[in-house]
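S.K.: Supplied in structure tokens, the structure appears directly below.
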Amino acid sequence: MSRPLLILAKSILTMDRPTPLEDGFVLVSGHRILQVGKRADIRRSLSARLLDLKDTLLLPGLINAHCHLDFTSYKGRVPYRGRFMDWLKGMGMRTKGTAPADFRRSVANGIRESLAHGTTTLCDSATSWESWPLLRRSGLRAFVFPELLDIGQDPAAYWKLFQARLREAVRQFPPTETFRWGLGPHTPFTLSREVLKAAARSLDSGRDLPTSLHVGESRDEGRFFAKGAGPIAEVLKRLSPDRKYPVGTTPVRYLNSLGWLPKLDLGVHLNVLDEKDVRLLAKNRVTVVHCPGSHKFFKHPSFPYRRLRRAGVDVCLGTDSLASNSSLSLFREMRLFAAAHPQVPAREVVAMATVKPAKALGLGSVLGRIRPGSWADLIGIPLRGRGPGSAEKVLSHRGPVSFSMVHGEPRLRLTS
């Protein structure tokens, strides 16, 4: 094993202390952090390699709790004209016309953009089944959620084929220390009741898989479950005329009736909620993933952050895809969130891209903070001007990061 690495930085935002650590160090051995402290407290007898980042604010690597790397190349190519279901249909048509090689290029571009903007962990909702070979060797930490979507198909045949494909994919690309499989049902309305129940049973059988599901994203979805009407109903009646969905409910309560909420780790979007929905999310400890850039693109209803937090629901941030966003930078997502919710402290916003998603993934003890025992997932941003580092400076950062490390391995270092 090589000697430990001693990283020096002007400021360290550990997310484990109330204020940044000034003129500090992080000692890394293998893929773990051994020690964090002030430069003046470094033992003179310490035998370690030295990396002096100088005027840098060091912080935990950012965790993108929801993205679609398949669609990186779709930026600006699927216009939104005010009807969410029309946009989804446009996405479906473009997906069918995209070759596997084009999906792979899209994923590779998404990985590069994510790395450049300080993301060290990606939660990828995989539609094309092309992302995991690239993610597994990317050097980033990755959770892959193969999407289930059986609209217009026979549920039993679809579920049988999905299981076979997933078993083969896991056989070819088994989990590693930095790569894990998950399960990603698409939405409550693009999946049959039969497949949702089958997926839930598969999790009951002992599969230790994190889960992610789009739910309550749009007014159309709320209207469909409340009244069985609107654009979603029109499409489903045409493509899956024999399917039955409940009326007089909400997407959250529908999932709860199928036993899904206790199994759901990342509930993506949840823009349309009532108070009973919020209580159910809190009771089942579902973490909500908010995607501010995508939210702005669709002009969704105001995100109910204050109601969720009052109920004790954790909220973290994702970028969604570039089909509905202009960047994969979580710094931009944090800025957009802070602009829409100015009452939320900057440190709390940074926690939504570090501490909160780590906890949702069951890794709160080893990810999302800079402290002894944690995995060494670190990024650095240049400190310009006077004054110490702060959460406010994280939110104001634009452009690429100057340093990135994942699992103790440096992945990016920009030199002036």
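Residues in the structure tokens are named by chain (A, B, ... in the order shown) and by number from 1 within that chain; ligands are numbered from 1 in the order shown.
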Please give the complete set of residues from segment 25-156 of chain A that DSSP, run on the backbone, assigns to strand (DSSP E or B), formatted as a PyMOL selection string.
M.R.: chain A and resi 25-29+32-38+49-52+56-60+62-67+119-126+141-148
S.K.: Which segment 313-343 of chain A residues have any atom within 10 Å of an atom of segment 77-81 of chain A, and for each, what is the nearest pair of atoms with distance in Å to one decimal, counting only C-alpha atoms, rows sorted by chain and number, as JSON lines?
M.R.:
```
{"residue": "A:Leu322", "atom": "CA", "partner": "A:Arg77", "partner_atom": "CA", "distance": 9.4}
{"residue": "A:Ala323", "atom": "CA", "partner": "A:Val78", "partner_atom": "CA", "distance": 6.4}
{"residue": "A:Ser324", "atom": "CA", "partner": "A:Val78", "partner_atom": "CA", "distance": 8.1}
```
S.K.: Find the spatial neighbours of Gly362 of chain A, counting only C-alpha atoms, within a cut-off of 9 Å - ignore same-chain residues fewer than 3 positions away - and output them as a ChimeraX atom specification.
M.R.: /A:210,265,357-359,365
S.K.: Atoms to include: N, CA and C atoms. Write the selected residues as an mmCIF file, in the first residue's frame.
M.R.:
```
data_model
loop_
_atom_site.group_PDB
_atom_site.id
_atom_site.type_symbol
_atom_site.label_atom_id
_atom_site.label_comp_id
_atom_site.auth_asym_id
_atom_site.auth_seq_id
_atom_site.Cartn_x
_atom_site.Cartn_y
_atom_site.Cartn_z
ATOM 1 N N PRO A 210 -31.278 -0.133 -3.598
ATOM 2 C CA PRO A 210 -31.901 1.184 -3.425
ATOM 3 C C PRO A 210 -32.924 1.410 -4.529
ATOM 4 N N ASP A 265 -36.691 4.719 -1.566
ATOM 5 C CA ASP A 265 -35.619 5.538 -0.997
ATOM 6 C C ASP A 265 -35.646 6.957 -1.549
ATOM 7 N N PRO A 357 -28.423 13.273 0.458
ATOM 8 C CA PRO A 357 -28.472 12.105 -0.434
ATOM 9 C C PRO A 357 -27.648 10.930 0.070
ATOM 10 N N ALA A 358 -26.529 11.200 0.766
ATOM 11 C CA ALA A 358 -25.747 10.103 1.337
ATOM 12 C C ALA A 358 -26.588 9.311 2.328
ATOM 13 N N LYS A 359 -27.326 10.024 3.155
ATOM 14 C CA LYS A 359 -28.214 9.370 4.125
ATOM 15 C C LYS A 359 -29.297 8.563 3.417
ATOM 16 N N SER A 365 -22.932 7.308 7.073
ATOM 17 C CA SER A 365 -21.764 7.186 7.960
ATOM 18 C C SER A 365 -20.443 7.262 7.204
#
```
S.K.: When you draw a straight line from atom CA of Asp277 of chain A to atom CA of Asp242 of chain A, how long is it in Å?
M.R.: 27.8 Å
S.K.: When distances are computed from only C-alpha atoms, which of A:Leu266, A:Leu69, A:Met405, A:Ala126 shows the smallest separation from Ser106 of chain A?
M.R.: A:Leu69
S.K.: Could you list, as number ranges by chain, every residue within 10 Å of Phe189 of chain A, counting only C-alpha atoms and ignoring same-chain residues fewer than 2 positions away?
M.R.: A: 149-151, 186-187, 191-193, 214-215, 221, 224-225, 232-233, 236, 245, 251, 254
S.K.: From the options A:Thr354, A:Thr176, A:Gln153, A:Thr14, which residue's atoms come nearest to Arg136 of chain A, counting only C-alpha atoms?
M.R.: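 The closest residue to Arg136 of chain A is A:Thr176.
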S.K.: Between A:Val286, A:Ile370, A:Ala108, A:Leu62, which has the minimum distance to Gly37 of chain A (counting only C-alpha atoms)?
M.R.: A:Ile370
S.K.: Which residue, A:Pro345, A:Pro155, A:Gly90, A:Gly184, has the smallest gap to Thr127 of chain A when you use only C-alpha atoms?
M.R.: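 Comparing A:Pro345, A:Pro155, A:Gly90, A:Gly184 against Thr127 of chain A, the winner is A:Gly184.
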S.K.: Just the residues within 7 Å of Lys10 of chain A, please, counting only C-alpha atoms, with nothing from its chain fewer than 4 positions along; format it as a list in words.
M.R.: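 My reading of the contact set: Glu22, Asp23, Gly24, Lys54, Asp55, Thr56 and Leu57 of chain A.
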S.K.: Would you mind listing what lies within 12 Å of His300 of chain A as a PyMOL selection string, with only C-alpha atoms counted and same-chain residues fewer than 2 positions away left out?
M.R.: chain A and resi 82-84+216-222+269-272+290-298+302-304
S.K.: Output N, CA and C atoms for every residue in that selection, as a compact mmCIF listing (two decimals), in the first residue's frame.
M.R.:
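Below you can see selection12.txt, which holds the result:
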```txt
# COMPACT_ATOMS: atom_id res chain seq x y z
N GLY A 82 -46.02 23.39 -23.04
CA GLY A 82 -47.07 23.58 -22.04
C GLY A 82 -47.85 22.35 -21.65
N ARG A 83 -47.69 21.24 -22.36
CA ARG A 83 -48.39 19.99 -22.02
C ARG A 83 -47.36 18.91 -21.70
N PHE A 84 -47.32 18.52 -20.43
CA PHE A 84 -46.28 17.61 -19.97
C PHE A 84 -46.34 16.27 -20.70
N GLY A 216 -45.61 12.28 -8.64
CA GLY A 216 -46.19 13.59 -8.32
C GLY A 216 -45.48 14.74 -9.00
N GLU A 217 -45.03 14.51 -10.24
CA GLU A 217 -44.23 15.56 -10.89
C GLU A 217 -45.07 16.70 -11.43
N SER A 218 -46.22 16.41 -12.02
CA SER A 218 -46.94 17.43 -12.77
C SER A 218 -48.40 17.55 -12.35
N ARG A 219 -49.02 18.67 -12.72
CA ARG A 219 -50.46 18.83 -12.51
C ARG A 219 -51.25 17.76 -13.27
N ASP A 220 -50.76 17.39 -14.47
CA ASP A 220 -51.44 16.34 -15.24
C ASP A 220 -51.52 15.04 -14.45
N GLU A 221 -50.43 14.70 -13.77
CA GLU A 221 -50.42 13.46 -12.98
C GLU A 221 -51.41 13.55 -11.83
N GLY A 222 -51.43 14.70 -11.15
CA GLY A 222 -52.39 14.88 -10.07
C GLY A 222 -53.82 14.77 -10.56
N HIS A 269 -39.15 14.32 -7.62
CA HIS A 269 -40.01 15.45 -7.97
C HIS A 269 -41.00 15.77 -6.86
N LEU A 270 -42.14 15.09 -6.78
CA LEU A 270 -43.13 15.34 -5.74
C LEU A 270 -43.48 16.83 -5.63
N ASN A 271 -43.80 17.40 -6.76
CA ASN A 271 -44.20 18.81 -6.81
C ASN A 271 -45.66 19.01 -6.41
N VAL A 272 -46.49 17.98 -6.64
CA VAL A 272 -47.93 18.10 -6.41
C VAL A 272 -48.30 17.18 -5.23
N HIS A 290 -35.48 16.89 -5.41
CA HIS A 290 -35.96 18.06 -6.15
C HIS A 290 -34.94 18.41 -7.22
N CYS A 291 -35.41 18.71 -8.43
CA CYS A 291 -34.55 19.06 -9.56
C CYS A 291 -34.90 20.48 -10.01
N PRO A 292 -34.27 21.51 -9.42
CA PRO A 292 -34.69 22.89 -9.67
C PRO A 292 -34.63 23.32 -11.14
N GLY A 293 -33.60 22.89 -11.88
CA GLY A 293 -33.50 23.29 -13.28
C GLY A 293 -34.62 22.72 -14.11
N SER A 294 -34.93 21.45 -13.92
CA SER A 294 -36.04 20.80 -14.63
C SER A 294 -37.37 21.39 -14.18
N HIS A 295 -37.51 21.66 -12.90
CA HIS A 295 -38.71 22.28 -12.35
C HIS A 295 -38.98 23.62 -13.04
N LYS A 296 -37.94 24.40 -13.24
CA LYS A 296 -38.07 25.69 -13.92
C LYS A 296 -38.43 25.51 -15.39
N PHE A 297 -37.84 24.52 -16.05
CA PHE A 297 -38.09 24.24 -17.46
C PHE A 297 -39.58 23.98 -17.71
N PHE A 298 -40.21 23.19 -16.83
CA PHE A 298 -41.61 22.81 -17.01
C PHE A 298 -42.59 23.80 -16.39
N SER A 302 -45.06 25.62 -7.44
CA SER A 302 -43.99 25.89 -6.48
C SER A 302 -43.66 24.64 -5.68
N PHE A 303 -42.38 24.36 -5.55
CA PHE A 303 -41.96 23.16 -4.82
C PHE A 303 -42.25 23.35 -3.33
N PRO A 304 -42.91 22.39 -2.67
CA PRO A 304 -43.37 22.56 -1.28
C PRO A 304 -42.29 22.26 -0.24
```
S.K.: Could you please determine the separation between atom CA of Gly387 of chain A and atom CA of Met334 of chain A in Å, to one decimal place?
M.R.: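 Between these atoms lies a distance of 21.4 Å.
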S.K.: Go through A:Ser212, A:Val289, A:Leu203, A:Arg49 one by one, measure the shortest atom-to-atom distance of each to Leu148 of chain A using only C-alpha atoms, and give the residue with the smallest value.
M.R.: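 Smallest distance to Leu148 of chain A is found for A:Ser212.
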S.K.: Which polymer residues have any atom within 9 Å of an atom of Asn64 of chain A, counting only C-alpha atoms, with same-chain residues fewer than 6 positions away left out, as a list in words?
M.R.: Ser114, Thr119, Thr120, Thr121, Leu122, Cys123, Asp124, Cys316, Leu317, Gly318, Thr319, Asp320, Leu328, Ser329, Leu330, Ala353, Thr354 and Pro357 of chain A
S.K.: Could you dump the residues just selected with C-alpha atoms as a short mmCIF file (atom, residue, chain, number, x, y, z; two decimals), in the first residue's frame?
M.R.:
```cif
data_model
loop_
_atom_site.label_atom_id
_atom_site.label_comp_id
_atom_site.auth_asym_id
_atom_site.auth_seq_id
_atom_site.Cartn_x
_atom_site.Cartn_y
_atom_site.Cartn_z
CA SER A 114 -20.55 15.73 -14.09
CA THR A 119 -20.15 15.49 -8.89
CA THR A 120 -18.49 12.40 -7.45
CA THR A 121 -21.61 10.23 -7.05
CA LEU A 122 -24.27 9.75 -9.73
CA CYS A 123 -27.73 8.21 -9.28
CA ASP A 124 -28.54 7.38 -12.88
CA CYS A 316 -31.94 16.47 -1.75
CA LEU A 317 -31.05 17.73 -5.21
CA GLY A 318 -30.71 16.24 -8.68
CA THR A 319 -30.26 17.60 -12.17
CA ASP A 320 -32.72 15.39 -14.06
CA LEU A 328 -25.49 18.84 -15.10
CA SER A 329 -23.88 21.16 -12.53
CA LEU A 330 -25.20 20.75 -9.00
CA ALA A 353 -26.16 17.80 -2.40
CA THR A 354 -23.95 16.03 0.16
CA PRO A 357 -28.47 12.10 -0.43
#
```
S.K.: For a quick check of understanding, using only C-alpha atoms, which of A:Pro188, A:Leu59, A:Arg306, A:Gly259 has the smallest distance to Asn284 of chain A?
M.R.: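 Among A:Pro188, A:Leu59, A:Arg306, A:Gly259, it is A:Gly259 that comes nearest to Asn284 of chain A.
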S.K.: Report, in Å with one decimal, the straight-line distance from atom CA of Ser240 of chain A to atom CA of Tyr158 of chain A.
M.R.: 13.5 Å
